[in-house]
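Report on the following structure.
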Amino acid sequence: MARFDRSTWLRLARWGLAATLLLALARGAVAEERHALVVAIDGDDVLVDAGKPAGLLRGAPVQVFHLVIAKHPTTGKPVKAAFPIGGATVLEAGTALSLLSIGDPALRARLVVGDEVRFQPRTADEPGPGPQPGPGPGPGPGPAEPTDEPVPSPSPAGTGPVASADAEALETQARQALVNGQYAEALARAAAAVEKDPRRPQALQIAGVAACYVGRVDLAARYAARLVMARQTVVRQVCMRRGTPLPTTLAAGEVPSVGSATPGPGPAPAARPDPQLLEELAATFGAAAGQSQEQAYRVWQQYLERHPDSPFAPRVRQELAQRVAEAGGPTPALNTPARGYHHQPATRIEAGHPLAVAIAIGVDERPREVWLHHRRAGASTWQRRTLERDGDGYLRTTVPAAEVQAPGLEYFVEARTGDDAVSSVVADEAAPIEVEVTETVALTAPRRRGLSRVSALVEHVDFNSFGAAAPDRYTMIEVDFAYRFKGPVYAMRVGLGTLQGQGGALDAYGGADNTEDCPNREECRERTFTYAYSELEFRAQKNLSVSGRVYAGGLQKPRVGSSDEVRRSAFGFMGAVRIGEERGTNLSLGIANVNDFGTTGELKLQWGKVARLPLTGIVQATNLPSGEELGVRLAIEAGYKATSWFYPTLRISYNARTINHAGLGAGLAMVFDW
């Protein structure tokens with residue numbers, strides 16, 4: 001067996017000590033990363049829901065991530081991803097909230113409520129100016145326990161430091177107190193700011209959050225009801241984390257004095273409740289979490305049976321009754337009194353949405369029939385619906401969406417007992433329940449108009465109307481469809497057409513004098529090009545576009561030196577440049593060619609100053625239809641927009657190859673644009 005001398009043992013000890021130190025350093029280097037959420041943004045102030053107890057201290061760097069939650073297309077499960085968008089520094093760290101300093105303006109612009117903040121926890125605060133945090137409850141899953149610190153009332157008007165400060169200074173003091181965990185002070189300062197200026201949303205939000213922390217959910221609900229949805233959501237999240245969620249429906253009203261000794265309708269009274277009741281309520285929250293709806297209701301039913309006189313019982317019954325009405329499915333009966341009918345009405349609903357009505361009835365009630373009478377606010381007649389039983393303790397019905405219309409809905413409930421007596425059990429005809437109905441807000445994007453166009457064109461062009469009887473003319477019929485993408489590829493067009501003509505060689509008519517009829521030559525015989533085309537238009541900038549078109553079709557023309565005809569494939573192209581808006585005033589220049597048929601160059605000026613009467617002037621140089629002698633066309637085109645999607649267009653032209661070889665032309669187009 002190998003033997004170790006003293007030097008060997010010393011070397012092993014040194015290696016062991018080094019390994020231990022390395023492990024300790026590595027463990028410190030990979031400290032657990034912690035997460036927080038952005039709960040409020042007001043200008044340069046960004047609040048996150050973590051503070052000193054979580055290891056987030058003043059001066060600490062944090063990384064900000066944008067959260068994206070999507071539904072997996074195959075499994076249907078939610079998929080969560082976080083994308084880094086920048087870094088920030090903790091400006092002030094409180095007990096439950098911290099204030100971040102965002103130096104990058106681009107990051108401030110991208111930051112939204114709900115973004116995630118990640119940081120490495122620290123164990124010692126960095127020194128710096130500012131008040132030290134006072135005692136305050138930290139965020140936890142249990143219910144909100146009122147603090148021992150009394151809630152101070154604002155000083156009377158004209159006295160004390162609170163009354164002398166203006167609303168902005170009070171709001172700043174309230175925000176600092178909230179960051180430092182001095183929730184009662186924050187509530188008093190924010191309430192005073194609201195009294196001075198009721199239109200300060202940040203002060204309302206601070207008051208709502210602070211009220212959650214001191215157990216005044218009644219105040220939190222009333223402040224939140226006066227906020228827009230985004231700020232209201234922040235107050236809801238804080239109260240939910242404190243274990244005292246706000247009611248689903250919030251009614252705005254006059255906010256009572258912060259120092260009032262009379263508690264509001266929330267579950268937490270102003271005085272500290274029995275700690276044992278708080279522990280029991282927290283345990284019930286934990287037992288109901290993660291359960292099915294039916295199992296959760298049974299957990300709360302058992303709680304109400306054990307504590308029917310608890311100060312939290314009325315609020316629990318109210319909240320669960322409202323959740324039952326929203327769920328719309330069968331649920332076990334709540335612990336309700338043996339007698340009576342109990343209903344939590346909605347206060348506001350959006351027009352065009354069905355209104356579910358649920359009535360909790362006492363276990364000793366045995367009605368034969370129960371009816372809901374409802375009408376639109378201001379109507380003279382009532383409509384009646386029967387409430388159906390749902391489980392042992394509920395009656396339900398639904399007012400259809402078509403009957404929920406602004407400005408409001410009124411209803412009351414009647415019951416028929418075993419002795420055929422009919423009586424009102426929830427409100428009555430003289431004083432019905434009133435529900436505000438708001439107009440439906442359209443969330444869909446406005447439809448984009450002017451993207452599609454269909455046009456049909458018929459035009460006859462004659463170069464020899466005033467000369468000999470020999471023809472020199474062509475007729476064009478064309479139908480196309482265009483779709484505008486409104487991007488770099490501005491538009492795509494496809495179309496079908498036919499071009500039929502004869503003549504075009506001056507020597508076939510006795511030269512420039514145009515004194516002879518066209519003999520039986522191939523230039524004077526009829527030829528036809530039937531084609532399809534495809535076109536793309538590219539817009540380099542708003543007032544400059546370039547388009548290209550390709551023709552493909554069949555050509556039928558006379559055979560040289562014979563009376564027979566030749567049929568073969570033919571191809572062509574067109575290119576154009578437009579300066580100006582398509583529907584406004586613009587100038588375009590283009591050229592087109594079809595082999596064995598001819599070439600056309602065109603200059604077009606469109607005048608769009610009169611919306612309903614677009615006018616266009618056209619100058620063409622062309623050798624259609626035979627590709628021989630060049631001629632000039634002068635045309636004017638006028639349209640009339642009878643509607644926003646349809647307008648006809650008329651074109652009249654003068655066409656000449658020489659002064660003696662000239663004629664007139666006309667065309668008609670129908671345009672459908674939507």
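Ordering of the structure tokens sets the chain letters (A, B, ...); residue numbers start at 1 within each chain; ligands are numbered from 1 in the order shown.
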Contacts of A:Arg366 at 9 Å (only C-alpha atoms; same-chain gap of 4+ positions) as a VMD selection string = chain A and resid 361 to 362 417 to 418
Take the residues just selected and output them with all heavy atoms as a PDB file, in the first residue's frame.
ATOM      1  N   ILE A 361     -80.367  31.840  -4.112  1.00  0.00           N
ATOM      2  CA  ILE A 361     -81.577  31.759  -3.294  1.00  0.00           C
ATOM      3  C   ILE A 361     -81.279  30.986  -2.013  1.00  0.00           C
ATOM      4  O   ILE A 361     -80.409  30.102  -1.977  1.00  0.00           O
ATOM      5  CB  ILE A 361     -82.730  31.087  -4.070  1.00  0.00           C
ATOM      6  CG1 ILE A 361     -82.363  29.646  -4.463  1.00  0.00           C
ATOM      7  CG2 ILE A 361     -83.100  31.901  -5.291  1.00  0.00           C
ATOM      8  CD1 ILE A 361     -83.509  28.890  -5.087  1.00  0.00           C
ATOM      9  N   GLY A 362     -81.992  31.342  -0.954  1.00  0.00           N
ATOM     10  CA  GLY A 362     -81.838  30.644   0.312  1.00  0.00           C
ATOM     11  C   GLY A 362     -82.306  29.200   0.216  1.00  0.00           C
ATOM     12  O   GLY A 362     -83.185  28.857  -0.587  1.00  0.00           O
ATOM     13  N   THR A 417     -94.822  31.867  -5.578  1.00  0.00           N
ATOM     14  CA  THR A 417     -94.673  30.866  -4.514  1.00  0.00           C
ATOM     15  C   THR A 417     -95.734  29.784  -4.652  1.00  0.00           C
ATOM     16  O   THR A 417     -96.561  29.794  -5.572  1.00  0.00           O
ATOM     17  CB  THR A 417     -94.775  31.554  -3.149  1.00  0.00           C
ATOM     18  OG1 THR A 417     -96.029  32.220  -3.057  1.00  0.00           O
ATOM     19  CG2 THR A 417     -93.654  32.576  -2.984  1.00  0.00           C
ATOM     20  N   GLY A 418     -95.733  28.844  -3.698  1.00  0.00           N
ATOM     21  CA  GLY A 418     -96.656  27.718  -3.761  1.00  0.00           C
ATOM     22  C   GLY A 418     -98.106  28.110  -3.681  1.00  0.00           C
ATOM     23  O   GLY A 418     -98.989  27.396  -4.180  1.00  0.00           O
TER      24      GLY A 418
END
Name all residues at most 7 Å from A:Asp428 (count only C-alpha atoms; drop same-chain ones fewer than 3 positions away) and give them as an mmCIF file with C-alpha atoms, in the first residue's frame.
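Once everything was written out, this is result15.cif:
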data_model
loop_
_atom_site.group_PDB
_atom_site.id
_atom_site.type_symbol
_atom_site.label_atom_id
_atom_site.label_comp_id
_atom_site.auth_asym_id
_atom_site.auth_seq_id
_atom_site.Cartn_x
_atom_site.Cartn_y
_atom_site.Cartn_z
ATOM 1 C CA PHE A 412 -86.292 43.412 -11.761
ATOM 2 C CA VAL A 413 -87.133 39.876 -10.609
ATOM 3 C CA SER A 424 -90.906 41.192 -6.388
ATOM 4 C CA ALA A 431 -87.355 51.073 -8.807
ATOM 5 C CA PRO A 432 -85.647 48.603 -11.184
#
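Note that atom CA of A:Arg633 and atom CA of A:Gly503 are 16.1 Å apart.
Of the listed residues A:Leu451, A:Ala40, A:Ile591, A:Ala184, the one whose atoms come nearest to A:Gln237 is A:Ala40, with distances taken using only C-alpha atoms.
If only C-alpha atoms are the atoms counted, then among A:Val594, A:Leu107, A:Ala96, A:Leu170 the closest residue to A:Arg200 is A:Leu170.
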Near-A:Leu178 list (8 Å; only C-alpha atoms; drop same-chain fewer than 4 positions) as an MDAnalysis selection string = chainID A and resid 94 97 174 182:183 185:186 206 210
Let's have the selection written as an mmCIF file, in the first residue's frame, with all heavy atoms.
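Once written, selection-v4.cif looks like this:
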data_model
loop_
_atom_site.group_PDB
_atom_site.id
_atom_site.type_symbol
_atom_site.label_atom_id
_atom_site.label_comp_id
_atom_site.auth_asym_id
_atom_site.auth_seq_id
_atom_site.Cartn_x
_atom_site.Cartn_y
_atom_site.Cartn_z
ATOM 1 N N GLY A 94 -37.208 50.477 -2.437
ATOM 2 C CA GLY A 94 -38.094 50.449 -1.286
ATOM 3 C C GLY A 94 -38.270 49.047 -0.763
ATOM 4 O O GLY A 94 -37.522 48.119 -1.093
ATOM 5 N N LEU A 97 -41.432 48.102 -3.720
ATOM 6 C CA LEU A 97 -41.319 48.696 -5.041
ATOM 7 C C LEU A 97 -39.994 49.420 -5.158
ATOM 8 O O LEU A 97 -39.433 49.870 -4.169
ATOM 9 C CB LEU A 97 -42.462 49.685 -5.299
ATOM 10 C CG LEU A 97 -43.886 49.141 -5.262
ATOM 11 C CD1 LEU A 97 -44.884 50.279 -5.338
ATOM 12 C CD2 LEU A 97 -44.121 48.163 -6.402
ATOM 13 N N ALA A 174 -45.776 61.599 -2.277
ATOM 14 C CA ALA A 174 -46.471 60.316 -2.202
ATOM 15 C C ALA A 174 -45.688 59.219 -2.904
ATOM 16 O O ALA A 174 -45.577 58.092 -2.409
ATOM 17 C CB ALA A 174 -47.868 60.450 -2.817
ATOM 18 N N GLN A 182 -43.530 53.419 3.019
ATOM 19 C CA GLN A 182 -44.373 54.154 3.972
ATOM 20 C C GLN A 182 -45.747 54.334 3.332
ATOM 21 O O GLN A 182 -46.117 55.399 2.837
ATOM 22 C CB GLN A 182 -43.722 55.498 4.294
ATOM 23 C CG GLN A 182 -42.351 55.340 4.941
ATOM 24 C CD GLN A 182 -41.564 56.632 4.969
ATOM 25 O OE1 GLN A 182 -41.879 57.566 4.234
ATOM 26 N NE2 GLN A 182 -40.538 56.672 5.799
ATOM 27 N N TYR A 183 -46.525 53.237 3.331
ATOM 28 C CA TYR A 183 -47.744 53.185 2.537
ATOM 29 C C TYR A 183 -48.837 54.105 3.074
ATOM 30 O O TYR A 183 -49.578 54.714 2.308
ATOM 31 C CB TYR A 183 -48.247 51.744 2.461
ATOM 32 C CG TYR A 183 -47.197 50.805 1.931
ATOM 33 C CD1 TYR A 183 -46.666 49.796 2.722
ATOM 34 C CD2 TYR A 183 -46.702 50.964 0.638
ATOM 35 C CE1 TYR A 183 -45.694 48.950 2.240
ATOM 36 C CE2 TYR A 183 -45.723 50.130 0.141
ATOM 37 C CZ TYR A 183 -45.216 49.115 0.946
ATOM 38 O OH TYR A 183 -44.249 48.291 0.460
ATOM 39 N N GLU A 185 -48.438 56.924 4.695
ATOM 40 C CA GLU A 185 -48.045 58.274 4.326
ATOM 41 C C GLU A 185 -48.279 58.515 2.833
ATOM 42 O O GLU A 185 -48.754 59.575 2.421
ATOM 43 C CB GLU A 185 -46.573 58.510 4.675
ATOM 44 C CG GLU A 185 -46.046 59.897 4.325
ATOM 45 C CD GLU A 185 -46.653 60.979 5.212
ATOM 46 O OE1 GLU A 185 -47.227 60.636 6.278
ATOM 47 O OE2 GLU A 185 -46.558 62.156 4.835
ATOM 48 N N ALA A 186 -47.943 57.509 2.000
ATOM 49 C CA ALA A 186 -48.151 57.640 0.557
ATOM 50 C C ALA A 186 -49.627 57.829 0.240
ATOM 51 O O ALA A 186 -49.998 58.646 -0.614
ATOM 52 C CB ALA A 186 -47.611 56.404 -0.162
ATOM 53 N N ILE A 206 -51.148 56.045 -7.423
ATOM 54 C CA ILE A 206 -50.382 55.868 -6.181
ATOM 55 C C ILE A 206 -51.339 55.642 -5.017
ATOM 56 O O ILE A 206 -51.118 54.770 -4.159
ATOM 57 C CB ILE A 206 -49.483 57.093 -5.930
ATOM 58 C CG1 ILE A 206 -48.387 57.170 -7.002
ATOM 59 C CG2 ILE A 206 -48.859 57.030 -4.537
ATOM 60 C CD1 ILE A 206 -47.578 58.448 -6.940
ATOM 61 N N ALA A 210 -51.270 52.278 -2.747
ATOM 62 C CA ALA A 210 -51.028 52.400 -1.308
ATOM 63 C C ALA A 210 -52.219 51.896 -0.504
ATOM 64 O O ALA A 210 -52.048 51.277 0.554
ATOM 65 C CB ALA A 210 -50.730 53.866 -0.964
#
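Going from atom CA of A:Leu57 over to atom CA of A:Phe119, you cover 10.0 Å.
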Long-range neighbours of A:Arg348 as a ChimeraX atom specification, 7 Å cut-off, only C-alpha atoms, 5 positions minimum in chain = /A:435-437
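Computed from the coordinates, the atom CA of A:Arg527 to atom CA of A:Glu565 distance equals 8.9 Å.
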Looking at only C-alpha atoms, which of A:Leu544, A:Ile433, A:Ala406, A:Ala203 is the one that sits closest to A:Ile349?
-> A:Ala406
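Residues in contact with A:Asp197 at 12 Å, where only C-alpha atoms are counted and same-chain residues fewer than 6 positions away are skipped, are listed as Asp166, Ala167, Glu168, Ala169, Leu170, Glu171, Ala190, Ala191, Ala203 and Leu204 of chain A.
Between A:Val179 and the residues A:Val357, A:Leu99, A:Val235, A:Ala36, the shortest atom-to-atom distance, using only C-alpha atoms, involves A:Leu99.
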